[in-house]
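Structure file coords.txt with compact mmCIF, N, CA and C atoms:
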# COMPACT_ATOMS: atom_id res chain seq x y z
N MET H 1 -34.10 23.00 0.84
CA MET H 1 -33.02 23.05 -0.12
C MET H 1 -31.70 22.74 0.57
N SER H 2 -30.85 21.96 -0.03
CA SER H 2 -29.60 21.50 0.55
C SER H 2 -28.48 22.51 0.35
N ASP H 3 -27.52 22.51 1.30
CA ASP H 3 -26.33 23.35 1.17
C ASP H 3 -25.29 22.70 0.26
N ILE H 4 -25.48 21.43 -0.07
CA ILE H 4 -24.53 20.71 -0.91
C ILE H 4 -24.72 21.13 -2.36
N PRO H 5 -23.66 21.58 -3.03
CA PRO H 5 -23.81 21.99 -4.44
C PRO H 5 -24.16 20.80 -5.32
N GLU H 6 -24.89 21.07 -6.37
CA GLU H 6 -25.30 20.01 -7.30
C GLU H 6 -24.27 19.88 -8.41
N SER H 7 -23.15 19.26 -8.07
CA SER H 7 -22.10 19.04 -9.05
C SER H 7 -22.58 18.16 -10.20
N LEU H 8 -21.95 18.36 -11.34
CA LEU H 8 -22.15 17.50 -12.49
C LEU H 8 -20.81 16.85 -12.82
N TYR H 9 -20.88 15.60 -13.26
CA TYR H 9 -19.68 14.87 -13.64
C TYR H 9 -19.75 14.54 -15.12
N ARG H 10 -18.77 15.01 -15.86
CA ARG H 10 -18.64 14.64 -17.26
C ARG H 10 -17.63 13.50 -17.28
N ILE H 11 -18.11 12.30 -17.59
CA ILE H 11 -17.25 11.12 -17.61
C ILE H 11 -17.31 10.56 -19.02
N ASP H 12 -16.19 10.64 -19.69
CA ASP H 12 -16.10 10.17 -21.07
C ASP H 12 -15.14 8.98 -21.10
N ARG H 13 -15.57 7.93 -21.81
CA ARG H 13 -14.75 6.72 -21.95
C ARG H 13 -14.41 6.55 -23.43
N PHE H 14 -13.17 6.20 -23.69
CA PHE H 14 -12.71 6.04 -25.07
C PHE H 14 -12.03 4.68 -25.21
N THR H 15 -12.36 3.98 -26.28
CA THR H 15 -11.62 2.78 -26.65
C THR H 15 -10.57 3.22 -27.66
N VAL H 16 -9.30 3.00 -27.29
CA VAL H 16 -8.19 3.58 -28.05
C VAL H 16 -7.25 2.47 -28.52
N PRO H 17 -7.02 2.37 -29.84
CA PRO H 17 -6.02 1.42 -30.33
C PRO H 17 -4.64 1.79 -29.75
N GLU H 18 -3.84 0.79 -29.46
CA GLU H 18 -2.51 1.02 -28.89
C GLU H 18 -1.71 2.02 -29.72
N ARG H 19 -1.78 1.92 -31.05
CA ARG H 19 -1.00 2.80 -31.92
C ARG H 19 -1.41 4.27 -31.79
N ALA H 20 -2.61 4.54 -31.29
CA ALA H 20 -3.11 5.91 -31.19
C ALA H 20 -2.93 6.50 -29.79
N ARG H 21 -2.42 5.71 -28.85
CA ARG H 21 -2.36 6.13 -27.45
C ARG H 21 -1.63 7.47 -27.27
N ASP H 22 -0.41 7.58 -27.77
CA ASP H 22 0.39 8.77 -27.49
C ASP H 22 -0.24 10.04 -28.06
N ALA H 23 -0.71 9.97 -29.29
CA ALA H 23 -1.33 11.15 -29.92
C ALA H 23 -2.61 11.54 -29.18
N PHE H 24 -3.39 10.53 -28.78
CA PHE H 24 -4.64 10.84 -28.08
C PHE H 24 -4.36 11.36 -26.67
N LEU H 25 -3.42 10.75 -25.98
CA LEU H 25 -3.09 11.20 -24.63
C LEU H 25 -2.58 12.64 -24.66
N GLU H 26 -1.80 12.98 -25.65
CA GLU H 26 -1.33 14.37 -25.78
C GLU H 26 -2.50 15.33 -25.86
N ARG H 27 -3.52 14.97 -26.63
CA ARG H 27 -4.71 15.82 -26.77
C ARG H 27 -5.50 15.85 -25.46
N LEU H 28 -5.63 14.71 -24.79
CA LEU H 28 -6.35 14.67 -23.51
C LEU H 28 -5.67 15.54 -22.46
N VAL H 29 -4.36 15.51 -22.40
CA VAL H 29 -3.63 16.34 -21.44
C VAL H 29 -3.82 17.81 -21.77
N PHE H 30 -3.80 18.15 -23.05
CA PHE H 30 -4.02 19.54 -23.46
C PHE H 30 -5.39 20.04 -23.00
N ILE H 31 -6.44 19.27 -23.27
CA ILE H 31 -7.79 19.70 -22.91
C ILE H 31 -7.97 19.68 -21.39
N ARG H 32 -7.33 18.72 -20.72
CA ARG H 32 -7.39 18.70 -19.24
C ARG H 32 -6.84 20.00 -18.68
N ASP H 33 -5.67 20.40 -19.19
CA ASP H 33 -5.05 21.63 -18.71
C ASP H 33 -5.90 22.85 -19.04
N PHE H 34 -6.50 22.85 -20.22
CA PHE H 34 -7.38 23.96 -20.62
C PHE H 34 -8.59 24.04 -19.68
N LEU H 35 -9.25 22.92 -19.45
CA LEU H 35 -10.45 22.90 -18.61
C LEU H 35 -10.13 23.23 -17.16
N GLN H 36 -8.97 22.79 -16.68
CA GLN H 36 -8.58 23.03 -15.29
C GLN H 36 -8.58 24.52 -14.97
N GLY H 37 -8.30 25.35 -15.95
CA GLY H 37 -8.27 26.79 -15.74
C GLY H 37 -9.62 27.47 -15.89
N GLN H 38 -10.66 26.72 -16.20
CA GLN H 38 -11.98 27.31 -16.41
C GLN H 38 -12.74 27.43 -15.08
N PRO H 39 -13.48 28.53 -14.91
CA PRO H 39 -14.26 28.70 -13.69
C PRO H 39 -15.25 27.53 -13.50
N GLY H 40 -15.33 27.04 -12.28
CA GLY H 40 -16.28 25.97 -11.96
C GLY H 40 -15.75 24.57 -12.14
N CYS H 41 -14.52 24.41 -12.64
CA CYS H 41 -13.92 23.08 -12.77
C CYS H 41 -13.36 22.69 -11.40
N LEU H 42 -13.96 21.67 -10.78
CA LEU H 42 -13.57 21.27 -9.43
C LEU H 42 -12.61 20.09 -9.38
N TYR H 43 -12.68 19.23 -10.38
CA TYR H 43 -11.88 18.01 -10.40
C TYR H 43 -11.70 17.61 -11.85
N ASN H 44 -10.49 17.14 -12.20
CA ASN H 44 -10.23 16.86 -13.61
C ASN H 44 -9.11 15.83 -13.70
N ARG H 45 -9.44 14.61 -14.14
CA ARG H 45 -8.45 13.53 -14.19
C ARG H 45 -8.58 12.73 -15.48
N ILE H 46 -7.48 12.05 -15.82
CA ILE H 46 -7.42 11.12 -16.95
C ILE H 46 -6.98 9.77 -16.40
N GLY H 47 -7.62 8.69 -16.86
CA GLY H 47 -7.21 7.35 -16.44
C GLY H 47 -7.18 6.42 -17.63
N GLU H 48 -6.50 5.28 -17.46
CA GLU H 48 -6.46 4.30 -18.54
C GLU H 48 -6.37 2.90 -17.97
N ALA H 49 -6.82 1.94 -18.76
CA ALA H 49 -6.72 0.52 -18.42
C ALA H 49 -6.52 -0.27 -19.70
N ARG H 50 -5.64 -1.23 -19.66
CA ARG H 50 -5.41 -2.09 -20.83
C ARG H 50 -6.53 -3.12 -20.91
N GLN H 51 -7.04 -3.33 -22.13
CA GLN H 51 -8.11 -4.29 -22.36
C GLN H 51 -7.51 -5.62 -22.84
N GLU H 52 -8.27 -6.68 -22.71
CA GLU H 52 -7.80 -8.01 -23.12
C GLU H 52 -7.40 -8.07 -24.59
N ASP H 53 -8.07 -7.27 -25.44
CA ASP H 53 -7.77 -7.30 -26.88
C ASP H 53 -6.55 -6.45 -27.27
N GLY H 54 -5.89 -5.85 -26.29
CA GLY H 54 -4.70 -5.04 -26.56
C GLY H 54 -5.00 -3.55 -26.70
N SER H 55 -6.27 -3.19 -26.83
CA SER H 55 -6.61 -1.78 -26.89
C SER H 55 -6.57 -1.20 -25.48
N LEU H 56 -6.78 0.09 -25.40
CA LEU H 56 -6.82 0.77 -24.11
C LEU H 56 -8.19 1.36 -23.90
N ALA H 57 -8.63 1.35 -22.66
CA ALA H 57 -9.80 2.12 -22.26
C ALA H 57 -9.24 3.35 -21.54
N MET H 58 -9.60 4.51 -22.04
CA MET H 58 -9.16 5.75 -21.40
C MET H 58 -10.40 6.51 -20.96
N VAL H 59 -10.33 7.14 -19.80
CA VAL H 59 -11.45 7.92 -19.29
C VAL H 59 -10.98 9.31 -18.90
N THR H 60 -11.89 10.24 -19.05
CA THR H 60 -11.70 11.57 -18.49
C THR H 60 -12.85 11.81 -17.53
N ILE H 61 -12.54 12.34 -16.37
CA ILE H 61 -13.55 12.62 -15.35
C ILE H 61 -13.39 14.08 -14.95
N VAL H 62 -14.43 14.85 -15.19
CA VAL H 62 -14.39 16.28 -14.84
C VAL H 62 -15.62 16.60 -14.01
N GLU H 63 -15.38 17.17 -12.84
CA GLU H 63 -16.49 17.60 -11.98
C GLU H 63 -16.66 19.11 -12.15
N TRP H 64 -17.91 19.50 -12.42
CA TRP H 64 -18.26 20.91 -12.60
C TRP H 64 -19.15 21.36 -11.46
N SER H 65 -18.95 22.58 -11.01
CA SER H 65 -19.75 23.12 -9.91
C SER H 65 -21.20 23.33 -10.32
N THR H 66 -21.43 23.70 -11.59
CA THR H 66 -22.78 23.95 -12.09
C THR H 66 -22.84 23.61 -13.57
N ARG H 67 -24.04 23.42 -14.06
CA ARG H 67 -24.24 23.19 -15.49
C ARG H 67 -23.80 24.42 -16.29
N GLU H 68 -24.06 25.61 -15.74
CA GLU H 68 -23.67 26.84 -16.43
C GLU H 68 -22.16 26.92 -16.60
N ALA H 69 -21.40 26.54 -15.57
CA ALA H 69 -19.94 26.56 -15.67
C ALA H 69 -19.46 25.57 -16.73
N MET H 70 -20.07 24.39 -16.75
CA MET H 70 -19.70 23.38 -17.74
C MET H 70 -20.00 23.88 -19.16
N ASN H 71 -21.18 24.46 -19.35
CA ASN H 71 -21.55 24.95 -20.68
C ASN H 71 -20.66 26.11 -21.12
N ALA H 72 -20.28 26.98 -20.20
CA ALA H 72 -19.39 28.09 -20.54
C ALA H 72 -18.03 27.55 -20.99
N ALA H 73 -17.50 26.57 -20.26
CA ALA H 73 -16.21 25.97 -20.64
C ALA H 73 -16.32 25.27 -21.98
N ARG H 74 -17.42 24.61 -22.22
CA ARG H 74 -17.64 23.94 -23.52
C ARG H 74 -17.61 24.98 -24.65
N GLY H 75 -18.23 26.12 -24.42
CA GLY H 75 -18.23 27.18 -25.42
C GLY H 75 -16.82 27.72 -25.67
N GLU H 76 -16.05 27.87 -24.60
CA GLU H 76 -14.66 28.34 -24.74
C GLU H 76 -13.83 27.32 -25.53
N ALA H 77 -14.02 26.04 -25.24
CA ALA H 77 -13.28 24.99 -25.96
C ALA H 77 -13.68 24.98 -27.43
N ARG H 78 -14.98 25.09 -27.70
CA ARG H 78 -15.46 25.09 -29.08
C ARG H 78 -14.87 26.27 -29.85
N ALA H 79 -14.84 27.44 -29.24
CA ALA H 79 -14.28 28.63 -29.89
C ALA H 79 -12.79 28.43 -30.17
N PHE H 80 -12.07 27.84 -29.23
CA PHE H 80 -10.65 27.58 -29.43
C PHE H 80 -10.43 26.60 -30.57
N TYR H 81 -11.24 25.54 -30.62
CA TYR H 81 -11.12 24.55 -31.69
C TYR H 81 -11.39 25.19 -33.05
N GLU H 82 -12.41 26.03 -33.13
CA GLU H 82 -12.72 26.71 -34.39
C GLU H 82 -11.56 27.61 -34.81
N LYS H 83 -10.99 28.33 -33.86
CA LYS H 83 -9.89 29.25 -34.14
C LYS H 83 -8.65 28.50 -34.65
N THR H 84 -8.40 27.31 -34.09
CA THR H 84 -7.21 26.55 -34.45
C THR H 84 -7.46 25.51 -35.54
N GLY H 85 -8.73 25.36 -35.96
CA GLY H 85 -9.05 24.41 -37.01
C GLY H 85 -9.03 22.95 -36.57
N PHE H 86 -9.20 22.71 -35.27
CA PHE H 86 -9.19 21.34 -34.76
C PHE H 86 -10.61 20.80 -34.71
N ASP H 87 -10.81 19.60 -35.24
CA ASP H 87 -12.11 18.93 -35.23
C ASP H 87 -11.98 17.64 -34.41
N PRO H 88 -12.46 17.65 -33.17
CA PRO H 88 -12.30 16.47 -32.31
C PRO H 88 -12.88 15.19 -32.91
N GLY H 89 -14.03 15.28 -33.55
CA GLY H 89 -14.66 14.10 -34.15
C GLY H 89 -13.81 13.49 -35.24
N SER H 90 -13.29 14.33 -36.12
CA SER H 90 -12.43 13.84 -37.20
C SER H 90 -11.12 13.26 -36.65
N PHE H 91 -10.59 13.91 -35.63
CA PHE H 91 -9.36 13.45 -35.00
C PHE H 91 -9.55 12.03 -34.45
N MET H 92 -10.64 11.81 -33.72
CA MET H 92 -10.88 10.49 -33.15
C MET H 92 -11.16 9.45 -34.22
N THR H 93 -11.92 9.82 -35.23
CA THR H 93 -12.20 8.89 -36.32
C THR H 93 -10.92 8.47 -37.03
N ALA H 94 -10.06 9.42 -37.30
CA ALA H 94 -8.81 9.11 -38.00
C ALA H 94 -7.91 8.16 -37.19
N LEU H 95 -8.00 8.25 -35.87
CA LEU H 95 -7.18 7.39 -35.01
C LEU H 95 -7.88 6.08 -34.64
N GLY H 96 -9.14 5.92 -35.06
CA GLY H 96 -9.86 4.69 -34.73
C GLY H 96 -10.35 4.64 -33.29
N ILE H 97 -10.58 5.80 -32.71
CA ILE H 97 -11.01 5.89 -31.31
C ILE H 97 -12.53 5.90 -31.24
N GLU H 98 -13.07 5.09 -30.34
CA GLU H 98 -14.52 5.01 -30.14
C GLU H 98 -14.88 5.70 -28.82
N PRO H 99 -15.61 6.83 -28.91
CA PRO H 99 -15.97 7.55 -27.68
C PRO H 99 -17.32 7.11 -27.12
N ASP H 100 -17.47 7.28 -25.82
CA ASP H 100 -18.74 7.09 -25.13
C ASP H 100 -18.82 8.22 -24.11
N PHE H 101 -19.63 9.24 -24.41
CA PHE H 101 -19.71 10.44 -23.59
C PHE H 101 -20.84 10.32 -22.57
N GLY H 102 -20.58 10.80 -21.36
CA GLY H 102 -21.61 10.73 -20.33
C GLY H 102 -21.62 11.94 -19.42
N LEU H 103 -22.81 12.30 -18.98
CA LEU H 103 -22.99 13.40 -18.03
C LEU H 103 -23.82 12.86 -16.87
N PHE H 104 -23.29 13.01 -15.67
CA PHE H 104 -23.92 12.42 -14.50
C PHE H 104 -24.15 13.48 -13.43
N ALA H 105 -25.31 13.40 -12.78
CA ALA H 105 -25.61 14.30 -11.67
C ALA H 105 -25.12 13.67 -10.37
N ASP H 106 -24.79 14.51 -9.42
CA ASP H 106 -24.36 14.06 -8.10
C ASP H 106 -25.60 13.65 -7.31
N ILE H 107 -25.79 12.38 -7.12
CA ILE H 107 -26.97 11.87 -6.40
C ILE H 107 -27.02 12.43 -4.99
N ARG H 108 -25.88 12.51 -4.34
CA ARG H 108 -25.80 13.02 -2.98
C ARG H 108 -26.45 14.39 -2.86
N ALA H 109 -26.36 15.18 -3.92
CA ALA H 109 -26.89 16.54 -3.87
C ALA H 109 -28.40 16.58 -4.08
N ARG H 110 -28.98 15.54 -4.68
CA ARG H 110 -30.40 15.58 -5.00
C ARG H 110 -31.24 14.61 -4.19
N ASP H 111 -30.75 13.42 -4.01
CA ASP H 111 -31.53 12.38 -3.36
C ASP H 111 -30.65 11.65 -2.36
N HIS H 112 -31.17 11.44 -1.21
CA HIS H 112 -30.42 10.67 -0.22
C HIS H 112 -30.94 9.25 -0.24
N VAL H 113 -30.05 8.33 -0.57
CA VAL H 113 -30.41 6.93 -0.68
C VAL H 113 -29.92 6.23 0.60
N THR H 114 -30.79 5.48 1.20
CA THR H 114 -30.39 4.74 2.40
C THR H 114 -30.49 3.25 2.14
N ALA H 115 -29.64 2.51 2.80
CA ALA H 115 -29.62 1.05 2.61
C ALA H 115 -30.69 0.38 3.44
Render the structure in this file as structure tokens.
Amino acid sequence: MSDIPESLYRIDRFTVPERARDAFLERLVFIRDFLQGQPGCLYNRIGEARQEDGSLAMVTIVEWSTREAMNAARGEARAFYEKTGFDPGSFMTALGIEPDFGLFADIRARDHVTA
């Protein structure tokens, strides 16, 4: 068994119309700050790139120490959204944002690949 923790990476990519950038970025910063304070959150960033069609590609990258930490934070976020009446799916649909959610395991922690 390895001493290297088996981090998980939640990497979400969003196609965002230019007109929706500011409202969406405000929400991304809010959730970034919320997640940053959760136990097991090791790394948390937001990035963007302009696409040829004028839209933006925005990504969030969050590294979690364990699946349990990630799931606990997800539960806290869900409870907060329910309490405040925020529906992330409806919010993105209304702004014309197309999400692509991904969860990735740290290969280094499980398999050593050699060239």
I want to know what sits within 9 Å of Thr66 of chain H, based on only C-alpha atoms, with residues of the same chain fewer than 5 positions away left out; could you give that as a ChimeraX atom specification? /H:5-8,40-41,71
Compare H:Tyr43, H:Phe34, H:Ala77, H:Val59 by their minimum atom-to-atom distance to Thr15 of chain H, counting all atoms listed in the file, and give me the closest one. H:Val59
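With all atoms listed in the file as the basis for measurement, H:Phe14 is the residue among H:Arg32, H:Asp106, H:Arg74, H:Phe14 that approaches Ala57 of chain H most closely.
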Of the residues H:Gln38, H:Val29, H:Ala94, H:Ile46, which is the one nearest to Met58 of chain H, using all atoms listed in the file? H:Ile46
Among chain H, which ones does DSSP assign to strand (DSSP E or B) (computed from the backbone)? Answer as a ChimeraX atom specification. /H:8-16,41-50,56-64,98-105
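Checking H:Lys83, H:Arg67, H:Arg27, H:Arg45 one by one against Asp12 of chain H, counting only C-alpha atoms, you find the shortest gap at H:Arg45.
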Polymer residues at most 7 Å from (-4.8, 15.1, -34.1) by all atoms listed in the file, as an MDAnalysis selection string: chainID H and resid 23 91:92
Is it possible to add N, CA, C and O atoms to segment 27-50 of chain H and hand it back as a PDB file, in the coordinates of the input?
ATOM      1  N   ARG H  27      -3.520  14.970 -26.630  1.00  0.00           N
ATOM      2  CA  ARG H  27      -4.710  15.820 -26.770  1.00  0.00           C
ATOM      3  C   ARG H  27      -5.500  15.850 -25.460  1.00  0.00           C
ATOM      4  O   ARG H  27      -5.981  16.908 -25.051  1.00  0.00           O
ATOM      5  N   LEU H  28      -5.630  14.710 -24.790  1.00  0.00           N
ATOM      6  CA  LEU H  28      -6.350  14.670 -23.510  1.00  0.00           C
ATOM      7  C   LEU H  28      -5.670  15.540 -22.460  1.00  0.00           C
ATOM      8  O   LEU H  28      -6.347  16.256 -21.706  1.00  0.00           O
ATOM      9  N   VAL H  29      -4.360  15.510 -22.400  1.00  0.00           N
ATOM     10  CA  VAL H  29      -3.630  16.340 -21.440  1.00  0.00           C
ATOM     11  C   VAL H  29      -3.820  17.810 -21.770  1.00  0.00           C
ATOM     12  O   VAL H  29      -4.035  18.638 -20.877  1.00  0.00           O
ATOM     13  N   PHE H  30      -3.800  18.150 -23.050  1.00  0.00           N
ATOM     14  CA  PHE H  30      -4.020  19.540 -23.460  1.00  0.00           C
ATOM     15  C   PHE H  30      -5.390  20.040 -23.000  1.00  0.00           C
ATOM     16  O   PHE H  30      -5.501  21.106 -22.403  1.00  0.00           O
ATOM     17  N   ILE H  31      -6.440  19.270 -23.270  1.00  0.00           N
ATOM     18  CA  ILE H  31      -7.790  19.700 -22.910  1.00  0.00           C
ATOM     19  C   ILE H  31      -7.970  19.680 -21.390  1.00  0.00           C
ATOM     20  O   ILE H  31      -8.644  20.537 -20.827  1.00  0.00           O
ATOM     21  N   ARG H  32      -7.330  18.720 -20.720  1.00  0.00           N
ATOM     22  CA  ARG H  32      -7.390  18.700 -19.240  1.00  0.00           C
ATOM     23  C   ARG H  32      -6.840  20.000 -18.680  1.00  0.00           C
ATOM     24  O   ARG H  32      -7.447  20.640 -17.832  1.00  0.00           O
ATOM     25  N   ASP H  33      -5.670  20.400 -19.190  1.00  0.00           N
ATOM     26  CA  ASP H  33      -5.050  21.630 -18.710  1.00  0.00           C
ATOM     27  C   ASP H  33      -5.900  22.850 -19.040  1.00  0.00           C
ATOM     28  O   ASP H  33      -6.009  23.778 -18.240  1.00  0.00           O
ATOM     29  N   PHE H  34      -6.500  22.850 -20.220  1.00  0.00           N
ATOM     30  CA  PHE H  34      -7.380  23.960 -20.620  1.00  0.00           C
ATOM     31  C   PHE H  34      -8.590  24.040 -19.680  1.00  0.00           C
ATOM     32  O   PHE H  34      -8.921  25.107 -19.161  1.00  0.00           O
ATOM     33  N   LEU H  35      -9.250  22.920 -19.450  1.00  0.00           N
ATOM     34  CA  LEU H  35     -10.450  22.900 -18.610  1.00  0.00           C
ATOM     35  C   LEU H  35     -10.130  23.230 -17.160  1.00  0.00           C
ATOM     36  O   LEU H  35     -10.936  23.861 -16.464  1.00  0.00           O
ATOM     37  N   GLN H  36      -8.970  22.790 -16.680  1.00  0.00           N
ATOM     38  CA  GLN H  36      -8.580  23.030 -15.290  1.00  0.00           C
ATOM     39  C   GLN H  36      -8.580  24.520 -14.970  1.00  0.00           C
ATOM     40  O   GLN H  36      -8.875  24.908 -13.856  1.00  0.00           O
ATOM     41  N   GLY H  37      -8.300  25.350 -15.950  1.00  0.00           N
ATOM     42  CA  GLY H  37      -8.270  26.790 -15.740  1.00  0.00           C
ATOM     43  C   GLY H  37      -9.620  27.470 -15.890  1.00  0.00           C
ATOM     44  O   GLY H  37      -9.718  28.689 -15.720  1.00  0.00           O
ATOM     45  N   GLN H  38     -10.660  26.720 -16.200  1.00  0.00           N
ATOM     46  CA  GLN H  38     -11.980  27.310 -16.410  1.00  0.00           C
ATOM     47  C   GLN H  38     -12.740  27.430 -15.080  1.00  0.00           C
ATOM     48  O   GLN H  38     -12.652  26.557 -14.222  1.00  0.00           O
ATOM     49  N   PRO H  39     -13.480  28.530 -14.910  1.00  0.00           N
ATOM     50  CA  PRO H  39     -14.260  28.700 -13.690  1.00  0.00           C
ATOM     51  C   PRO H  39     -15.250  27.530 -13.500  1.00  0.00           C
ATOM     52  O   PRO H  39     -15.876  27.083 -14.457  1.00  0.00           O
ATOM     53  N   GLY H  40     -15.330  27.040 -12.280  1.00  0.00           N
ATOM     54  CA  GLY H  40     -16.280  25.970 -11.960  1.00  0.00           C
ATOM     55  C   GLY H  40     -15.750  24.570 -12.140  1.00  0.00           C
ATOM     56  O   GLY H  40     -16.440  23.600 -11.822  1.00  0.00           O
ATOM     57  N   CYS H  41     -14.520  24.410 -12.640  1.00  0.00           N
ATOM     58  CA  CYS H  41     -13.920  23.080 -12.770  1.00  0.00           C
ATOM     59  C   CYS H  41     -13.360  22.690 -11.400  1.00  0.00           C
ATOM     60  O   CYS H  41     -12.405  23.296 -10.925  1.00  0.00           O
ATOM     61  N   LEU H  42     -13.960  21.670 -10.780  1.00  0.00           N
ATOM     62  CA  LEU H  42     -13.570  21.270  -9.430  1.00  0.00           C
ATOM     63  C   LEU H  42     -12.610  20.090  -9.380  1.00  0.00           C
ATOM     64  O   LEU H  42     -11.835  19.958  -8.439  1.00  0.00           O
ATOM     65  N   TYR H  43     -12.680  19.230 -10.380  1.00  0.00           N
ATOM     66  CA  TYR H  43     -11.880  18.010 -10.400  1.00  0.00           C
ATOM     67  C   TYR H  43     -11.700  17.610 -11.850  1.00  0.00           C
ATOM     68  O   TYR H  43     -12.647  17.714 -12.637  1.00  0.00           O
ATOM     69  N   ASN H  44     -10.490  17.140 -12.200  1.00  0.00           N
ATOM     70  CA  ASN H  44     -10.230  16.860 -13.610  1.00  0.00           C
ATOM     71  C   ASN H  44      -9.110  15.830 -13.700  1.00  0.00           C
ATOM     72  O   ASN H  44      -7.975  16.116 -13.346  1.00  0.00           O
ATOM     73  N   ARG H  45      -9.440  14.610 -14.140  1.00  0.00           N
ATOM     74  CA  ARG H  45      -8.450  13.530 -14.190  1.00  0.00           C
ATOM     75  C   ARG H  45      -8.580  12.730 -15.480  1.00  0.00           C
ATOM     76  O   ARG H  45      -9.636  12.698 -16.120  1.00  0.00           O
ATOM     77  N   ILE H  46      -7.480  12.050 -15.820  1.00  0.00           N
ATOM     78  CA  ILE H  46      -7.420  11.120 -16.950  1.00  0.00           C
ATOM     79  C   ILE H  46      -6.980   9.770 -16.400  1.00  0.00           C
ATOM     80  O   ILE H  46      -6.071   9.708 -15.569  1.00  0.00           O
ATOM     81  N   GLY H  47      -7.620   8.690 -16.860  1.00  0.00           N
ATOM     82  CA  GLY H  47      -7.210   7.350 -16.440  1.00  0.00           C
ATOM     83  C   GLY H  47      -7.180   6.420 -17.630  1.00  0.00           C
ATOM     84  O   GLY H  47      -7.762   6.705 -18.680  1.00  0.00           O
ATOM     85  N   GLU H  48      -6.500   5.280 -17.460  1.00  0.00           N
ATOM     86  CA  GLU H  48      -6.460   4.300 -18.540  1.00  0.00           C
ATOM     87  C   GLU H  48      -6.370   2.900 -17.970  1.00  0.00           C
ATOM     88  O   GLU H  48      -5.892   2.693 -16.849  1.00  0.00           O
ATOM     89  N   ALA H  49      -6.820   1.940 -18.760  1.00  0.00           N
ATOM     90  CA  ALA H  49      -6.720   0.520 -18.420  1.00  0.00           C
ATOM     91  C   ALA H  49      -6.520  -0.270 -19.700  1.00  0.00           C
ATOM     92  O   ALA H  49      -7.170   0.014 -20.721  1.00  0.00           O
ATOM     93  N   ARG H  50      -5.640  -1.230 -19.660  1.00  0.00           N
ATOM     94  CA  ARG H  50      -5.410  -2.090 -20.830  1.00  0.00           C
ATOM     95  C   ARG H  50      -6.530  -3.120 -20.910  1.00  0.00           C
ATOM     96  O   ARG H  50      -6.922  -3.712 -19.915  1.00  0.00           O
TER      97      ARG H  50
END
